[in-house]
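Data block for my_file_8.tsv (TSV, C-alpha atoms):
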chain	number	residue	atom	x	y	z
U	1	MET	CA	7.29	-14.74	4.90
U	2	ASP	CA	5.81	-17.52	7.00
U	3	ASN	CA	2.17	-17.70	8.01
U	4	ASN	CA	1.06	-15.20	5.41
U	5	LYS	CA	-2.61	-14.54	5.13
U	6	LEU	CA	-3.90	-13.77	1.67
U	7	ASP	CA	-7.09	-11.74	1.62
U	8	THR	CA	-9.30	-10.15	-0.93
U	9	ILE	CA	-11.13	-7.14	0.39
U	10	THR	CA	-14.41	-6.66	-1.41
U	11	ASN	CA	-16.34	-4.45	0.97
U	12	LEU	CA	-13.66	-1.79	1.33
U	13	PHE	CA	-14.67	0.24	-1.67
U	14	GLU	CA	-17.98	-0.23	-3.45
U	15	GLY	CA	-17.44	-3.94	-4.08
U	16	LYS	CA	-14.13	-3.48	-5.91
U	17	GLU	CA	-11.71	-6.29	-5.13
U	18	ILE	CA	-8.45	-5.20	-3.53
U	19	ARG	CA	-6.00	-8.04	-2.96
U	20	SER	CA	-3.88	-7.93	0.18
U	21	ILE	CA	-1.41	-10.17	1.95
U	22	TRP	CA	-0.42	-10.25	5.62
U	23	ASP	CA	3.29	-10.27	6.39
U	24	SER	CA	3.53	-11.94	9.79
U	25	GLU	CA	7.20	-10.95	10.22
U	26	LYS	CA	6.55	-7.24	9.72
U	27	GLU	CA	3.03	-7.52	11.14
U	28	GLU	CA	1.43	-5.48	8.40
U	29	TYR	CA	-0.66	-5.85	5.28
U	30	PHE	CA	0.56	-5.25	1.75
U	31	PHE	CA	-1.98	-4.21	-0.89
U	32	SER	CA	-1.99	-4.64	-4.66
U	33	VAL	CA	-1.12	-1.30	-6.27
U	34	ILE	CA	-3.01	-2.22	-9.45
U	35	ASP	CA	-6.20	-2.99	-7.50
U	36	ILE	CA	-6.02	0.35	-5.66
U	37	ILE	CA	-5.50	2.21	-8.95
U	38	SER	CA	-8.41	0.32	-10.49
U	39	ALA	CA	-10.69	1.30	-7.60
U	40	LEU	CA	-9.60	4.93	-7.75
U	41	THR	CA	-9.54	5.58	-11.47
U	42	GLU	CA	-11.93	3.03	-12.97
U	43	SER	CA	-9.32	2.77	-15.73
U	44	ASN	CA	-9.76	0.02	-18.31
U	45	ASN	CA	-6.04	-0.69	-17.96
U	46	PRO	CA	-4.82	0.12	-14.43
U	47	ARG	CA	-1.43	-1.49	-15.19
U	48	ASN	CA	-0.78	1.13	-17.91
U	49	TYR	CA	-1.94	3.86	-15.53
U	50	TRP	CA	0.58	2.62	-12.93
U	51	ASN	CA	3.39	2.49	-15.52
U	52	THR	CA	2.59	6.02	-16.71
U	53	LEU	CA	2.49	7.28	-13.13
U	54	LYS	CA	5.93	5.77	-12.44
U	55	ARG	CA	7.38	7.33	-15.62
U	56	ARG	CA	6.19	10.80	-14.56
U	57	MET	CA	7.85	10.62	-11.14
U	58	THR	CA	10.99	12.55	-10.32
U	59	GLU	CA	14.14	10.56	-9.57
U	60	GLU	CA	13.66	11.22	-5.85
U	61	GLU	CA	10.06	9.99	-5.97
U	62	LYS	CA	11.12	6.87	-7.90
U	63	SER	CA	13.84	6.14	-5.39
U	64	GLU	CA	11.38	6.41	-2.50
U	65	LEU	CA	8.84	4.25	-4.33
U	66	TYR	CA	11.29	1.49	-5.17
U	67	ALA	CA	12.44	1.38	-1.55
U	68	LYS	CA	8.85	0.78	-0.40
U	69	CYS	CA	7.34	-1.22	-3.27
U	70	VAL	CA	7.52	-4.99	-2.78
U	71	GLN	CA	6.67	-7.59	-5.40
U	72	LEU	CA	4.65	-10.44	-3.90
U	73	LYS	CA	2.86	-13.34	-5.56
U	74	MET	CA	-0.87	-12.81	-5.66
U	75	LYS	CA	-3.62	-14.73	-7.38
U	76	SER	CA	-4.81	-13.11	-10.60
U	77	PRO	CA	-8.55	-12.50	-10.73
U	78	LYS	CA	-8.41	-13.21	-14.49
U	79	ASP	CA	-6.91	-16.72	-14.60
U	80	GLY	CA	-6.45	-17.74	-10.96
U	81	LYS	CA	-2.67	-18.12	-11.31
U	82	ASN	CA	-0.16	-16.49	-8.97
U	83	TYR	CA	1.95	-13.65	-10.38
U	84	LEU	CA	4.42	-11.20	-8.90
U	85	THR	CA	2.45	-8.05	-8.15
U	86	ASP	CA	3.59	-4.61	-7.04
U	87	THR	CA	2.43	-4.07	-3.47
U	88	LEU	CA	2.75	-1.35	-0.86
U	89	ASP	CA	2.12	-1.37	2.87
U	90	THR	CA	-0.71	0.69	4.32
U	91	LYS	CA	1.43	3.82	4.63
U	92	GLY	CA	2.60	3.50	1.01
U	93	ILE	CA	-0.92	2.88	-0.26
U	94	LEU	CA	-2.23	5.95	1.58
U	95	ARG	CA	0.54	8.00	-0.07
U	96	LEU	CA	-0.38	6.52	-3.47
U	97	ILE	CA	-4.05	7.40	-2.93
U	98	GLU	CA	-3.05	11.02	-2.22
U	99	SER	CA	-1.07	11.19	-5.47
U	100	ILE	CA	-3.91	10.11	-7.77
U	101	PRO	CA	-6.48	12.76	-8.65
U	102	SER	CA	-9.79	11.03	-8.11
U	103	PRO	CA	-13.13	11.85	-6.53
U	104	ASN	CA	-13.00	8.33	-5.05
U	105	ALA	CA	-9.73	8.94	-3.16
U	106	GLU	CA	-11.25	10.26	0.06
U	107	ARG	CA	-13.78	7.41	0.35
U	108	LEU	CA	-11.11	4.78	-0.34
U	109	ASN	CA	-8.72	6.43	2.12
U	110	PHE	CA	-11.42	6.41	4.81
U	111	GLY	CA	-12.40	2.82	4.02
U	112	LEU	CA	-8.79	1.64	4.22
U	113	HIS	CA	-8.27	3.30	7.61
U	114	LYS	CA	-11.51	1.78	8.92
U	115	TRP	CA	-10.62	-1.69	7.57
U	116	GLU	CA	-7.06	-1.53	8.94
U	117	LYS	CA	-8.31	-0.63	12.44
U	118	LYS	CA	-10.77	-3.53	12.37
U	119	GLU	CA	-8.09	-5.99	11.19
U	120	LEU	CA	-5.60	-4.76	13.77
U	121	MET	CA	-8.12	-5.25	16.57
U	122	LYS	CA	-8.91	-8.75	15.28
U	123	TYR	CA	-5.19	-9.60	15.11
U	124	LEU	CA	-4.53	-8.30	18.62
U	125	THR	CA	-7.51	-10.19	20.01
U	126	LEU	CA	-6.41	-13.47	18.43
U	127	ASN	CA	-2.77	-13.13	19.41
U	128	LEU	CA	-3.01	-11.65	22.88
U	129	LEU	CA	-5.76	-13.80	24.39
Write out the structure in this file as structure tokens.
Amino acid sequence: MDNNKLDTITNLFEGKEIRSIWDSEKEEYFFSVIDIISALTESNNPRNYWNTLKRRMTEEEKSELYAKCVQLKMKSPKDGKNYLTDTLDTKGILRLIESIPSPNAERLNFGLHKWEKKELMKYLTLNLL
């Protein structure tokens, strides 16, 4: 992926950091699954939550997930090093949000839609003018 744009979204959901990366070839953002789970569940260990969620999926759900889940290097907020991180595009993240029981899901879903629209308009403005 050339010309990738790495972003950290902090104003999307109550100041929680959600790492994202722009794929210029596909022209879409990919979001860190762990960050989304952390924002939704406030779990002390969102990585374990994600692993448990994957274990509980049916074979069909797993197959669909693995077709859409992409591992991309993202900077860790803990040590600043880059690690492969499970990511999903906007459509995949919205599906993930729907699958996690959380009172925060609706606000995060709305915030993500609002942010995506703003970013898309910014991208179109910069690339079409």
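When all atoms listed in the file are used to measure the gap to U:Thr52, the shortest distance among U:Ile93, U:Ile37, U:Trp22, U:Glu28 belongs to U:Ile37.
Taking atom CA of U:Tyr29 as the reference point, atom CA of U:Arg56 is found at 26.8 Å.
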| query | Which neighbours of U:Ile100 fall inside 12 Å, counting only C-alpha atoms, when residues of the same chain fewer than 2 positions from it are skipped, and could you give them as an MDAnalysis selection string? | reply | chainID U and resid 33 36:42 49:50 52:54 93:98 102:106 108:109
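Computed from the coordinates, the atom CA of U:Tyr83 to atom CA of U:Glu61 distance equals 25.4 Å.
Neighbours of U:Glu64 closer than or equal to 12 Å, with only C-alpha atoms counted and sequence neighbours fewer than 2 positions away skipped, come out as Lys54, Met57, Thr58, Glu59, Glu60, Glu61, Lys62, Tyr66, Ala67, Lys68, Cys69, Leu88, Gly92, Arg95 and Leu96 of chain U.
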Output for the residues just chosen: C-alpha atoms as a short mmCIF file (atom, residue, chain, number, x, y, z; two decimals), in the frame of the given file:
data_model
loop_
_atom_site.label_atom_id
_atom_site.label_comp_id
_atom_site.auth_asym_id
_atom_site.auth_seq_id
_atom_site.Cartn_x
_atom_site.Cartn_y
_atom_site.Cartn_z
CA LYS U 54 5.93 5.77 -12.44
CA MET U 57 7.85 10.62 -11.14
CA THR U 58 10.99 12.55 -10.32
CA GLU U 59 14.14 10.56 -9.57
CA GLU U 60 13.66 11.22 -5.85
CA GLU U 61 10.06 9.99 -5.97
CA LYS U 62 11.12 6.87 -7.90
CA TYR U 66 11.29 1.49 -5.17
CA ALA U 67 12.44 1.38 -1.55
CA LYS U 68 8.85 0.78 -0.40
CA CYS U 69 7.34 -1.22 -3.27
CA LEU U 88 2.75 -1.35 -0.86
CA GLY U 92 2.60 3.50 1.01
CA ARG U 95 0.54 8.00 -0.07
CA LEU U 96 -0.38 6.52 -3.47
#
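In this structure, atom CA of U:Asp89 sits 16.7 Å away from atom CA of U:Glu17.
Using all atoms listed in the file, the nearest neighbour of U:Asp23 within the list U:Asn82, U:Asn45, U:Thr87, U:Ser99 is U:Thr87.
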